[in-house]
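Here is the file target.cif (mmCIF, C-alpha atoms).
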```
data_target
loop_
_atom_site.label_atom_id
_atom_site.label_comp_id
_atom_site.auth_asym_id
_atom_site.auth_seq_id
_atom_site.Cartn_x
_atom_site.Cartn_y
_atom_site.Cartn_z
CA MET A 1 27.44 8.60 -4.90
CA ALA A 2 23.74 8.76 -3.97
CA ASN A 3 21.02 6.59 -2.47
CA ILE A 4 18.25 6.25 -5.02
CA VAL A 5 14.99 4.52 -4.18
CA LEU A 6 13.50 3.14 -7.38
CA GLY A 7 9.76 2.66 -7.16
CA ILE A 8 8.26 0.30 -9.73
CA THR A 9 4.53 0.15 -10.42
CA GLY A 10 2.22 -2.11 -12.43
CA SER A 11 2.83 -1.08 -16.01
CA ILE A 12 4.12 -3.19 -18.89
CA ALA A 13 7.05 -0.76 -18.86
CA ALA A 14 8.10 -2.22 -15.49
CA TYR A 15 10.56 -4.50 -17.27
CA LYS A 16 12.56 -1.39 -18.24
CA ALA A 17 13.16 -0.70 -14.56
CA ALA A 18 15.81 -3.43 -14.58
CA ASP A 19 17.82 -1.43 -17.10
CA ILE A 20 17.25 1.79 -15.13
CA ALA A 21 18.50 0.13 -11.93
CA SER A 22 21.51 -1.34 -13.71
CA GLN A 23 22.52 1.95 -15.34
CA LEU A 24 22.15 3.90 -12.09
CA GLY A 25 24.34 1.31 -10.38
CA ARG A 26 26.99 1.66 -13.10
CA LEU A 27 27.05 5.39 -12.37
CA GLY A 28 27.99 4.53 -8.78
CA HIS A 29 24.62 5.04 -7.12
CA SER A 30 23.18 2.69 -4.53
CA VAL A 31 19.74 1.62 -5.74
CA SER A 32 17.05 0.23 -3.45
CA VAL A 33 13.94 -1.07 -5.18
CA VAL A 34 10.39 -0.83 -3.88
CA MET A 35 7.71 -2.57 -5.93
CA THR A 36 3.95 -2.50 -5.87
CA LYS A 37 2.11 -5.81 -5.94
CA ASP A 38 1.02 -5.07 -9.51
CA ALA A 39 4.63 -4.46 -10.60
CA GLN A 40 5.47 -8.02 -9.62
CA GLU A 41 3.16 -9.25 -12.37
CA PHE A 42 5.63 -7.80 -14.90
CA ILE A 43 9.06 -8.28 -13.29
CA THR A 44 10.30 -10.28 -10.32
CA PRO A 45 11.90 -8.90 -7.17
CA LEU A 46 14.75 -11.40 -7.56
CA THR A 47 15.84 -9.85 -10.87
CA LEU A 48 16.06 -6.43 -9.26
CA GLN A 49 17.74 -7.75 -6.12
CA VAL A 50 20.50 -9.33 -8.20
CA LEU A 51 20.98 -6.17 -10.28
CA THR A 52 21.05 -3.78 -7.31
CA LYS A 53 22.67 -6.09 -4.74
CA ASN A 54 20.06 -4.83 -2.26
CA PRO A 55 16.92 -6.41 -0.85
CA VAL A 56 13.69 -5.50 -2.64
CA LEU A 57 10.77 -4.22 -0.60
CA ALA A 58 7.45 -5.40 -2.02
CA ASP A 59 5.10 -5.54 0.95
CA LEU A 60 4.84 -3.75 4.28
CA TYR A 61 4.58 -7.19 5.87
CA ASP A 62 8.07 -8.03 4.57
CA GLU A 63 9.26 -5.95 7.50
CA LYS A 64 8.11 -8.36 10.24
CA GLU A 65 11.69 -9.41 10.95
CA SER A 66 12.69 -6.05 12.40
CA TRP A 67 11.20 -3.56 14.82
CA ARG A 68 12.40 -0.73 12.58
CA PRO A 69 10.15 0.01 9.59
CA GLY A 70 12.38 -0.42 6.53
CA HIS A 71 10.22 1.81 4.38
CA ILE A 72 10.81 4.75 6.76
CA GLU A 73 14.55 4.09 6.76
CA LEU A 74 14.51 4.13 2.95
CA ALA A 75 12.50 7.37 3.00
CA ASP A 76 14.99 8.95 5.42
CA THR A 77 18.15 7.90 3.57
CA ALA A 78 16.97 8.54 0.01
CA ASP A 79 18.65 11.22 -2.03
CA LEU A 80 16.00 10.67 -4.71
CA LEU A 81 12.78 8.73 -5.06
CA LEU A 82 12.44 7.75 -8.71
CA ILE A 83 9.11 6.17 -9.67
CA ALA A 84 9.57 4.49 -13.05
CA PRO A 85 7.16 3.55 -14.40
CA ALA A 86 4.56 5.67 -12.63
CA THR A 87 0.99 4.55 -13.33
CA ALA A 88 -2.18 6.64 -13.16
CA ASN A 89 -3.16 4.66 -10.07
CA VAL A 90 0.02 5.54 -8.17
CA LEU A 91 -0.16 9.19 -9.23
CA ALA A 92 -3.72 9.31 -7.86
CA GLN A 93 -2.72 7.66 -4.59
CA LEU A 94 0.17 10.05 -4.03
CA ALA A 95 -1.82 13.16 -5.02
CA ASN A 96 -4.43 12.20 -2.43
CA GLY A 97 -2.04 11.18 0.36
CA LEU A 98 -2.92 7.49 0.32
CA ALA A 99 -0.35 4.93 1.44
CA PRO A 100 -1.61 1.38 0.79
CA ASP A 101 1.86 -0.02 0.10
CA PRO A 102 5.53 0.62 0.88
CA LEU A 103 6.10 2.76 -2.23
CA ALA A 104 3.32 5.20 -1.39
CA ALA A 105 4.38 5.25 2.27
CA ILE A 106 7.95 6.13 1.25
CA ALA A 107 6.67 8.86 -1.06
CA LEU A 108 4.72 10.42 1.82
CA ALA A 109 7.58 10.12 4.31
CA THR A 110 10.60 11.16 2.25
CA ARG A 111 11.94 14.68 2.08
CA ALA A 112 14.09 13.76 -0.94
CA PRO A 113 13.20 14.96 -4.44
CA VAL A 114 10.62 12.79 -6.21
CA LEU A 115 10.87 12.14 -9.95
CA HIS A 116 8.03 10.40 -11.81
CA ALA A 117 8.44 8.73 -15.21
CA PRO A 118 4.81 8.05 -16.20
CA ALA A 119 3.77 5.16 -18.43
CA MET A 120 0.16 4.41 -19.26
CA ASN A 121 -2.47 4.41 -21.99
CA GLY A 122 -2.68 7.83 -23.64
CA LYS A 123 -6.35 8.24 -22.80
CA MET A 124 -5.53 7.59 -19.15
CA TRP A 125 -2.72 10.17 -19.27
CA ASP A 126 -4.98 12.77 -20.89
CA HIS A 127 -7.88 12.19 -18.51
CA PRO A 128 -8.67 15.31 -16.44
CA ALA A 129 -8.30 13.37 -13.18
CA THR A 130 -4.76 12.26 -14.08
CA GLN A 131 -3.82 15.77 -15.21
CA LYS A 132 -5.20 17.19 -11.95
CA ASN A 133 -3.17 14.65 -9.98
CA VAL A 134 -0.02 15.58 -11.92
CA GLU A 135 -0.59 19.27 -11.16
CA THR A 136 -1.19 18.46 -7.48
CA LEU A 137 2.05 16.49 -7.33
CA ARG A 138 3.93 19.28 -9.10
CA GLY A 139 2.53 21.60 -6.43
CA PHE A 140 4.13 19.30 -3.83
CA GLY A 141 7.46 19.76 -5.63
CA HIS A 142 7.46 16.46 -7.51
CA GLN A 143 9.14 16.43 -10.90
CA PHE A 144 8.15 14.58 -14.08
CA ILE A 145 9.97 13.22 -17.10
CA GLY A 146 7.61 12.30 -19.89
CA PRO A 147 5.59 10.51 -20.90
CA ASP A 148 6.87 10.06 -24.44
CA ASP A 149 4.91 9.74 -27.68
CA GLY A 150 4.80 6.59 -29.81
CA MET A 151 3.26 3.15 -30.11
CA LEU A 152 1.82 2.00 -26.79
CA ALA A 153 1.65 -1.59 -25.56
CA CYS A 154 -2.16 -1.45 -25.77
CA GLY A 155 -1.94 -0.95 -29.53
CA TYR A 156 -2.74 2.76 -29.57
CA GLU A 157 -0.33 5.40 -30.76
CA GLY A 158 0.04 8.57 -28.74
CA THR A 159 1.36 9.97 -25.49
CA GLY A 160 1.93 7.52 -22.66
CA ARG A 161 5.19 5.65 -23.30
CA LEU A 162 7.89 5.56 -20.66
CA MET A 163 10.64 7.95 -21.67
CA PRO A 164 13.77 6.23 -23.02
CA VAL A 165 15.73 4.58 -20.21
CA GLU A 166 18.80 6.72 -20.93
CA ALA A 167 16.76 9.92 -20.52
CA VAL A 168 15.29 8.73 -17.20
CA VAL A 169 18.73 7.74 -15.90
CA GLU A 170 20.27 11.02 -17.06
CA ARG A 171 17.56 13.09 -15.34
CA ALA A 172 17.78 11.09 -12.10
CA HIS A 173 21.58 11.40 -12.09
CA ALA A 174 21.35 15.15 -12.73
CA ILE A 175 18.93 15.64 -9.82
CA VAL A 176 21.13 13.84 -7.30
CA MET A 177 24.27 15.56 -8.59
CA GLU A 178 22.56 18.95 -8.32
CA LYS A 179 21.46 18.10 -4.78
CA THR A 180 25.02 17.04 -3.92
CA ASP A 181 26.51 20.19 -5.45
CA SER A 182 24.07 22.50 -3.64
CA SER A 183 24.73 20.85 -0.27
CA GLY A 184 28.49 21.23 -0.68
CA ASN A 185 29.15 17.50 -0.55
CA SER A 186 30.85 15.48 -3.24
#
```

Same coordinates, now as structure tokens:
Amino acid sequence: MANIVLGITGSIAAYKAADIASQLGRLGHSVSVVMTKDAQEFITPLTLQVLTKNPVLADLYDEKESWRPGHIELADTADLLLIAPATANVLAQLANGLAPDPLAAIALATRAPVLHAPAMNGKMWDHPATQKNVETLRGFGHQFIGPDDGMLACGYEGTGRLMPVEAVVERAHAIVMEKTDSSGNS
């Protein structure tokens, strides 16, 4: 159906990305995973490689084997860039045009829709800098789902939870289906 690049960042919610990848695959989408270094502290590339049946890009230096930058190829072929979970750090990088890793480089290079599913401490989410970054990204055309309210991993209760996996998958699927319908392809 569609080529979805799933960006995973360094949040405790990163483990839920395995379920997101699996469910998108069951819907018939090809999923390519790009992980930040911090994400690898929460979930391994091997898990995601097995679930998606695609290599996982975790470092720009992983690309030494080929003359063609794999992150640019992913950016060019993506029908959607889904960043789930999206941390305050990654939102700040993208709002300011920084590209220290393959995920941020793909986000800058792709012309596909970008969907963020934020997950972070509620105080971080509410901080004026994060809210400014969200508004900047919305101005670039990026979309957001969440964050949700509830008990957070840090022990606080409030806004900051990753939206339920099913909601993230449903929204991602709807975006790529809408894109397919509007381009006349099926």

Report as a tab-separated table the residues of segment 113-172 of chain A within 7 Å of segment 83-93 of chain A, each with its shortest atom pair and distance in Å (one decimal), using all atoms listed in the file, ordered by chain and increasing residue number.
```
residue	atom	partner	partner_atom	distance
A:Leu115	CA	A:Ile83	CA	6.2
A:His116	CA	A:Ile83	CA	4.9
A:Ala117	CA	A:Ala84	CA	4.9
A:Pro118	CA	A:Ala86	CA	4.3
A:Ala119	CA	A:Pro85	CA	5.5
A:Met120	CA	A:Thr87	CA	6.0
A:Met124	CA	A:Ala88	CA	6.9
A:Thr130	CA	A:Ala88	CA	6.3
A:Asn133	CA	A:Ala92	CA	5.8
A:Val134	CA	A:Leu91	CA	6.9
A:Leu162	CA	A:Pro85	CA	6.6
```

Legend entry - Pairwise distance for atom CA of Leu48 of chain A and atom CA of Val33 of chain A, rounded to one decimal in Å: 7.1 Å

Residues proximal to (25.2, 8.4, -9.3) were defined as those with any atom within 10 Å of that point in the file's coordinates, counting only C-alpha atoms. Which are they, as a PDB file with C-alpha atoms, keeping the file's coordinate frame?
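The resulting out.pdb:
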```
ATOM      1  CA  MET A   1      27.440   8.600  -4.900  1.00  0.00           C
ATOM      2  CA  ALA A   2      23.740   8.760  -3.970  1.00  0.00           C
ATOM      3  CA  ASN A   3      21.020   6.590  -2.470  1.00  0.00           C
ATOM      4  CA  ILE A   4      18.250   6.250  -5.020  1.00  0.00           C
ATOM      5  CA  GLN A  23      22.520   1.950 -15.340  1.00  0.00           C
ATOM      6  CA  LEU A  24      22.150   3.900 -12.090  1.00  0.00           C
ATOM      7  CA  GLY A  25      24.340   1.310 -10.380  1.00  0.00           C
ATOM      8  CA  ARG A  26      26.990   1.660 -13.100  1.00  0.00           C
ATOM      9  CA  LEU A  27      27.050   5.390 -12.370  1.00  0.00           C
ATOM     10  CA  GLY A  28      27.990   4.530  -8.780  1.00  0.00           C
ATOM     11  CA  HIS A  29      24.620   5.040  -7.120  1.00  0.00           C
ATOM     12  CA  SER A  30      23.180   2.690  -4.530  1.00  0.00           C
ATOM     13  CA  VAL A  31      19.740   1.620  -5.740  1.00  0.00           C
ATOM     14  CA  VAL A 169      18.730   7.740 -15.900  1.00  0.00           C
ATOM     15  CA  GLU A 170      20.270  11.020 -17.060  1.00  0.00           C
ATOM     16  CA  ALA A 172      17.780  11.090 -12.100  1.00  0.00           C
ATOM     17  CA  HIS A 173      21.580  11.400 -12.090  1.00  0.00           C
ATOM     18  CA  ALA A 174      21.350  15.150 -12.730  1.00  0.00           C
ATOM     19  CA  ILE A 175      18.930  15.640  -9.820  1.00  0.00           C
ATOM     20  CA  VAL A 176      21.130  13.840  -7.300  1.00  0.00           C
ATOM     21  CA  MET A 177      24.270  15.560  -8.590  1.00  0.00           C
TER      22      MET A 177
END
```

Enclosing box along x, y and z for every listed atom of segment 18-26 of chain A, padded 4 Å each side, centre and size in Å, one decimal, as AutoDock Vina command-line options:
```
--center_x 21.4 --center_y 0.2 --center_z -13.7 --size_x 19.2 --size_y 15.3 --size_z 14.7
```

Inset, instruction - Tell me which residues the PyMOL selection byres ((chain A and resi 107) around 12) grabs here, as a PyMOL selection string. - result: chain A and resi 5-7+34+71-72+74-76+78+80-83+90-91+93-106+108-116+137+140-142

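The coordinates place atom CA of Ala39 of chain A at 4.6 Å from atom CA of Thr9 of chain A.
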
Inset, instruction - Rank A:Met151, A:Lys37, A:Gly160, A:Arg138 by their smallest atom-to-atom distance to Trp125 of chain A, using all atoms listed in the file, and report the top residue only. - result: A:Gly160

Legend entry - Within 12 Å of file point (3.5, -5.7, -20.1), counting all atoms listed in the file, expressed as a ChimeraX atom specification: /A:9-16,38-43,85,119-121,152-155,161

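For the atom pair formed by atom CA of Lys132 of chain A and atom CA of Asp148 of chain A, the distance is 18.8 Å, given to one decimal.
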
Inset, instruction - Using all atoms listed in the file, pick whichever of A:Gln131, A:Thr77, A:Ser32, A:Thr159 has the shortest atom-to-atom distance to Pro55 of chain A. - result: A:Ser32
